[in-house]
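*Asks:* Sending over a structure as structure tokens; questions will come in a sec.
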Amino acid sequence: MTATAVSLAALSCGPGALAQEAFRIGLVALPGEDASVEGLAGIKAAYSAALGMPVEVMVARDYAALAEAQIAGRIDYAAYSAPAFAAASLRCGCVVPVAAPVDADGSVGLRSVLIVRPGFEEGSGRLAVGPADSLATRLAPLAASDEARAAAASGRLVETASAAEAEALFLSGKVDGFFGWTPARAENATEPPPGGTPARLAASGLDPSAWRIAWRSDTLRYGPHAVRSDIAPGRVEKLAGLLESVAPGEAGPGRQIMRGHDRFAAVSPADYRAVLDAVAALGAR
């Protein structure tokens, strides 16, 4: 699959000079951005200043095209969703996470959760899962939840087109449980931030005594910014420094790099084990 590219670098040399190598960055346009990214000129300038070299930016039509370009070596650096990073890593082992977003409330990602009624008994009842591409409401449960796997094996798993549909089936009494999500702080945090499916159930008017969380997944980190494994360590350090230097609330290129999150934190491949396992399990089915 060939990625749609938008060249944003016009590299020029003086007479007799050699063109300097360009560092190639890949991004996916957010919904509504079409084949461009808001503030792309500022993003390019920030990376160029940090690296001390020209930068070219490719805007891919989707994450599959982005991964294809990095695996093939057409880009050096990419900003991924978590499932897309896992898929690329499983395909080639040639991508390494540098840093990942953190939200203002300290959330570093999500946890998949199984919501059931108080009298739910293990190994019984109908359980609803979200759409086929949902990491938290389908992929992670089928990879890591014994209840989800048992329900699938016995024909008790109800497939839905959206997480909202799965929730609606639970609220209407048509299923005995469903897989939702909660925000997740770092692994050593004692309490999750508010939000996610529990907040939605509260907003629906459902009494807290009418449901409980029967299972939680490991943390599913937000998608990382990742480099090819053959990028020089010194260059990776500069990239990590750029990402981690973006201050909460900072305007300009910093906010554009953040794309809705608050800051970045360093990550390693181990931080994506739960995501890798979920995507690997999907490929094995």
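Chain lettering (A, B, ...) mirrors the order of the structure tokens, residue numbering begins at 1 for each chain separately, and ligand numbering begins at 1 in order of display.
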Using only C-alpha atoms, find each residue of region 37-108 of chain A with at least one atom at most 7 Å away from an atom of region 204-224 of chain A; report its shortest atom-to-atom pair and that distance in Å (one decimal), sort the rows by chain and rising residue number, and return the result as a Markdown table.

*Replies:*
```
| residue | atom | partner | partner_atom | distance |
| --- | --- | --- | --- | --- |
| A:Ala79 | CA | A:Pro224 | CA | 6.1 |
| A:Tyr80 | CA | A:Gly223 | CA | 5.1 |
| A:Ser81 | CA | A:Gly223 | CA | 4.0 |
| A:Ala82 | CA | A:Gly223 | CA | 3.7 |
| A:Phe85 | CA | A:Gly223 | CA | 6.8 |
| A:Pro97 | CA | A:Pro224 | CA | 5.7 |
| A:Val98 | CA | A:Pro224 | CA | 6.8 |
| A:Ala99 | CA | A:Pro224 | CA | 5.6 |
| A:Ala100 | CA | A:Pro224 | CA | 4.3 |
| A:Pro101 | CA | A:Tyr222 | CA | 6.3 |
| A:Val108 | CA | A:Arg221 | CA | 5.7 |
```

*Asks:* Generate a file of the selected residues that holds N, CA and C atoms, formatted as a short mmCIF file (atom, residue, chain, number, x, y, z; two decimals), in the first residue's frame.

*Replies:*
```cif
data_model
loop_
_atom_site.label_atom_id
_atom_site.label_comp_id
_atom_site.auth_asym_id
_atom_site.auth_seq_id
_atom_site.Cartn_x
_atom_site.Cartn_y
_atom_site.Cartn_z
N ALA A 79 4.12 9.06 13.89
CA ALA A 79 3.23 9.22 15.04
C ALA A 79 2.07 8.26 14.87
N TYR A 80 2.00 7.25 15.75
CA TYR A 80 1.08 6.13 15.58
C TYR A 80 -0.09 6.16 16.56
N SER A 81 -1.15 5.44 16.21
CA SER A 81 -2.10 4.96 17.20
C SER A 81 -1.48 3.71 17.83
N ALA A 82 -1.98 3.30 18.99
CA ALA A 82 -1.40 2.14 19.65
C ALA A 82 -1.55 0.86 18.82
N PHE A 85 0.91 0.98 15.82
CA PHE A 85 2.29 0.74 16.22
C PHE A 85 2.52 -0.75 16.46
N PRO A 97 9.49 2.67 19.97
CA PRO A 97 8.80 3.84 20.51
C PRO A 97 9.77 4.79 21.20
N VAL A 98 9.54 6.08 21.04
CA VAL A 98 10.39 7.10 21.66
C VAL A 98 9.68 7.74 22.84
N ALA A 99 8.47 8.24 22.61
CA ALA A 99 7.69 8.89 23.66
C ALA A 99 6.22 8.79 23.29
N ALA A 100 5.37 8.90 24.31
CA ALA A 100 3.93 8.78 24.10
C ALA A 100 3.20 9.86 24.87
N PRO A 101 1.99 10.22 24.44
CA PRO A 101 1.25 11.31 25.09
C PRO A 101 0.78 10.96 26.49
N VAL A 108 -2.27 7.89 30.85
CA VAL A 108 -1.28 7.50 29.85
C VAL A 108 -1.88 6.57 28.81
#
```

*Asks:* Can you list, as an MDAnalysis selection string, every residue of region 152-229 of chain A that DSSP puts in helix (DSSP H, G or I)?

*Replies:* chainID A and resid 152:153 163:171 196:203 208:210

*Asks:* Write to file, as a short mmCIF file (atom, residue, chain, number, x, y, z; two decimals), in the first residue's frame, the residues of the selection just made, with all heavy atoms.

*Replies:*
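Written output follows (part_26.cif):
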```
data_model
loop_
_atom_site.label_atom_id
_atom_site.label_comp_id
_atom_site.auth_asym_id
_atom_site.auth_seq_id
_atom_site.Cartn_x
_atom_site.Cartn_y
_atom_site.Cartn_z
N ALA A 152 -16.91 -16.38 23.84
CA ALA A 152 -16.75 -16.57 22.39
C ALA A 152 -16.83 -18.05 22.04
O ALA A 152 -17.46 -18.44 21.04
CB ALA A 152 -15.42 -15.98 21.94
N ALA A 153 -16.22 -18.89 22.86
CA ALA A 153 -16.20 -20.33 22.58
C ALA A 153 -17.57 -20.98 22.72
O ALA A 153 -17.88 -21.97 22.05
CB ALA A 153 -15.20 -21.02 23.50
N ALA A 163 -19.05 0.80 20.76
CA ALA A 163 -19.06 0.68 22.21
C ALA A 163 -20.38 1.19 22.79
O ALA A 163 -20.88 0.65 23.78
CB ALA A 163 -17.88 1.45 22.80
N ALA A 164 -20.95 2.21 22.18
CA ALA A 164 -22.22 2.75 22.64
C ALA A 164 -23.35 1.72 22.50
O ALA A 164 -24.23 1.62 23.36
CB ALA A 164 -22.57 4.02 21.87
N GLU A 165 -23.29 0.94 21.43
CA GLU A 165 -24.32 -0.09 21.24
C GLU A 165 -24.19 -1.18 22.29
O GLU A 165 -25.19 -1.67 22.84
CB GLU A 165 -24.19 -0.71 19.84
CG GLU A 165 -25.24 -1.78 19.56
CD GLU A 165 -25.06 -2.44 18.20
OE1 GLU A 165 -24.27 -1.93 17.38
OE2 GLU A 165 -25.71 -3.47 17.97
N ALA A 166 -22.95 -1.58 22.61
CA ALA A 166 -22.73 -2.58 23.65
C ALA A 166 -23.27 -2.08 24.99
O ALA A 166 -23.92 -2.83 25.74
CB ALA A 166 -21.25 -2.92 23.75
N GLU A 167 -23.00 -0.84 25.29
CA GLU A 167 -23.49 -0.23 26.53
C GLU A 167 -25.02 -0.21 26.55
O GLU A 167 -25.65 -0.51 27.58
CB GLU A 167 -22.94 1.18 26.65
CG GLU A 167 -23.39 1.95 27.86
CD GLU A 167 -22.86 3.37 27.84
OE1 GLU A 167 -21.65 3.57 27.64
OE2 GLU A 167 -23.68 4.30 28.03
N ALA A 168 -25.64 0.14 25.43
CA ALA A 168 -27.10 0.21 25.35
C ALA A 168 -27.73 -1.17 25.57
O ALA A 168 -28.79 -1.27 26.21
CB ALA A 168 -27.53 0.77 24.00
N LEU A 169 -27.10 -2.21 25.08
CA LEU A 169 -27.62 -3.56 25.29
C LEU A 169 -27.61 -3.91 26.78
O LEU A 169 -28.52 -4.56 27.29
CB LEU A 169 -26.79 -4.58 24.51
CG LEU A 169 -26.93 -4.55 22.98
CD1 LEU A 169 -25.98 -5.57 22.34
CD2 LEU A 169 -28.37 -4.85 22.56
N PHE A 170 -26.55 -3.47 27.47
CA PHE A 170 -26.47 -3.73 28.91
C PHE A 170 -27.55 -2.94 29.66
O PHE A 170 -28.24 -3.48 30.53
CB PHE A 170 -25.08 -3.34 29.41
CG PHE A 170 -24.87 -3.57 30.88
CD1 PHE A 170 -24.65 -4.84 31.38
CD2 PHE A 170 -24.90 -2.50 31.77
CE1 PHE A 170 -24.46 -5.05 32.74
CE2 PHE A 170 -24.71 -2.70 33.13
CZ PHE A 170 -24.48 -3.98 33.62
N LEU A 171 -27.70 -1.67 29.33
CA LEU A 171 -28.69 -0.83 30.01
C LEU A 171 -30.12 -1.33 29.78
O LEU A 171 -30.97 -1.18 30.66
CB LEU A 171 -28.56 0.61 29.53
CG LEU A 171 -27.29 1.36 29.96
CD1 LEU A 171 -27.19 2.70 29.27
CD2 LEU A 171 -27.26 1.53 31.48
N GLY A 196 -14.55 7.63 31.24
CA GLY A 196 -14.74 6.35 30.60
C GLY A 196 -16.14 5.78 30.82
O GLY A 196 -17.11 6.50 31.07
N THR A 197 -16.24 4.46 30.74
CA THR A 197 -17.52 3.80 30.83
C THR A 197 -18.22 4.03 32.17
O THR A 197 -19.44 4.26 32.21
CB THR A 197 -17.36 2.30 30.55
OG1 THR A 197 -16.81 2.13 29.24
CG2 THR A 197 -18.69 1.58 30.62
N PRO A 198 -17.53 3.97 33.33
CA PRO A 198 -18.23 4.26 34.59
C PRO A 198 -18.90 5.63 34.60
O PRO A 198 -20.02 5.77 35.11
CB PRO A 198 -17.10 4.17 35.63
CG PRO A 198 -16.15 3.19 35.05
CD PRO A 198 -16.15 3.50 33.58
N ALA A 199 -18.25 6.62 34.03
CA ALA A 199 -18.85 7.95 33.97
C ALA A 199 -20.08 7.96 33.06
O ALA A 199 -21.08 8.64 33.34
CB ALA A 199 -17.83 8.97 33.48
N ARG A 200 -20.02 7.21 31.98
CA ARG A 200 -21.17 7.13 31.07
C ARG A 200 -22.37 6.45 31.75
O ARG A 200 -23.51 6.86 31.58
CB ARG A 200 -20.79 6.40 29.79
CG ARG A 200 -19.87 7.20 28.87
CD ARG A 200 -19.52 6.39 27.62
NE ARG A 200 -20.72 5.97 26.91
CZ ARG A 200 -21.36 6.70 25.99
NH1 ARG A 200 -20.90 7.91 25.68
NH2 ARG A 200 -22.44 6.23 25.39
N LEU A 201 -22.08 5.40 32.53
CA LEU A 201 -23.16 4.72 33.23
C LEU A 201 -23.80 5.64 34.27
O LEU A 201 -25.02 5.65 34.44
CB LEU A 201 -22.63 3.45 33.89
CG LEU A 201 -22.19 2.33 32.94
CD1 LEU A 201 -21.60 1.17 33.73
CD2 LEU A 201 -23.35 1.86 32.07
N ALA A 202 -22.96 6.42 34.96
CA ALA A 202 -23.49 7.37 35.93
C ALA A 202 -24.35 8.42 35.24
O ALA A 202 -25.42 8.79 35.74
CB ALA A 202 -22.34 8.03 36.69
N ALA A 203 -23.90 8.90 34.09
CA ALA A 203 -24.65 9.91 33.35
C ALA A 203 -25.99 9.37 32.85
O ALA A 203 -26.94 10.13 32.66
CB ALA A 203 -23.82 10.44 32.18
N PRO A 208 -25.11 3.08 40.99
CA PRO A 208 -23.82 2.39 41.11
C PRO A 208 -23.93 0.97 41.65
O PRO A 208 -23.05 0.14 41.39
CB PRO A 208 -23.05 3.29 42.09
CG PRO A 208 -23.67 4.63 41.94
CD PRO A 208 -25.12 4.38 41.67
N SER A 209 -25.01 0.67 42.37
CA SER A 209 -25.20 -0.69 42.91
C SER A 209 -25.65 -1.68 41.85
O SER A 209 -25.69 -2.88 42.10
CB SER A 209 -26.22 -0.67 44.05
OG SER A 209 -27.51 -0.29 43.57
N ALA A 210 -25.97 -1.18 40.65
CA ALA A 210 -26.52 -2.05 39.60
C ALA A 210 -25.44 -2.64 38.70
O ALA A 210 -25.77 -3.36 37.75
CB ALA A 210 -27.53 -1.27 38.77
#
```

*Asks:* For Ala240 (chain A), find every residue with an atom within 10 Å (counting only C-alpha atoms), except residues of its own chain fewer than 5 positions away, and show them as a PyMOL selection string.

*Replies:* chain A and resi 50+97-100+225-226+234-235+245+264-267

*Asks:* For each of A:Leu242, A:Leu282, A:Ala247, A:Leu157, take the minimum atom-to-atom distance to Ala143 (chain A), counting only C-alpha atoms, then give the residue where this is smallest.

*Replies:*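 The closest residue to Ala143 (chain A) is A:Leu282.
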
*Asks:* CA of Gly93 (chain A) and CA of Leu142 (chain A) are how many Å apart?

*Replies:*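 CA of Leu142 (chain A) lies at a distance of 23.4 Å from CA of Gly93 (chain A).
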
*Asks:* Any idea what's packed within 9 Å of Ile257 (chain A), counting only C-alpha atoms, ignoring anything in its chain fewer than 5 positions away? Could you give it as a list in words?

*Replies:*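 Answer for this query is Gly39, Leu40, Gly42, Ile43, Leu243, Val246 and Gly252 of chain A.
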
*Asks:* Could you name the residues that touch Gly123 (chain A) at 12 Å or less, counting only C-alpha atoms, but leaving out those on the same chain fewer than 6 positions away, as a PyMOL selection string?

*Replies:* chain A and resi 145-157+176-177

*Asks:* Go through A:Ala86, A:Val227, A:Ala22, A:Ala232 and flag the residue nearest Glu56 (chain A), using only C-alpha atoms for the distances.

*Replies:*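 Under the stated criterion, the closest residue is A:Ala22.
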
*Asks:* How many Å lie between CA of Gly241 (chain A) and CA of Val55 (chain A), rounded to one decimal?

*Replies:*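 Here the two named atoms are 16.7 Å from each other.
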
*Asks:* Given the choices A:Pro194, A:Pro131, A:Pro183, A:Gly173, which gets closest to Leu110 (chain A) if the distance is worked out from only C-alpha atoms?

*Replies:* A:Pro183
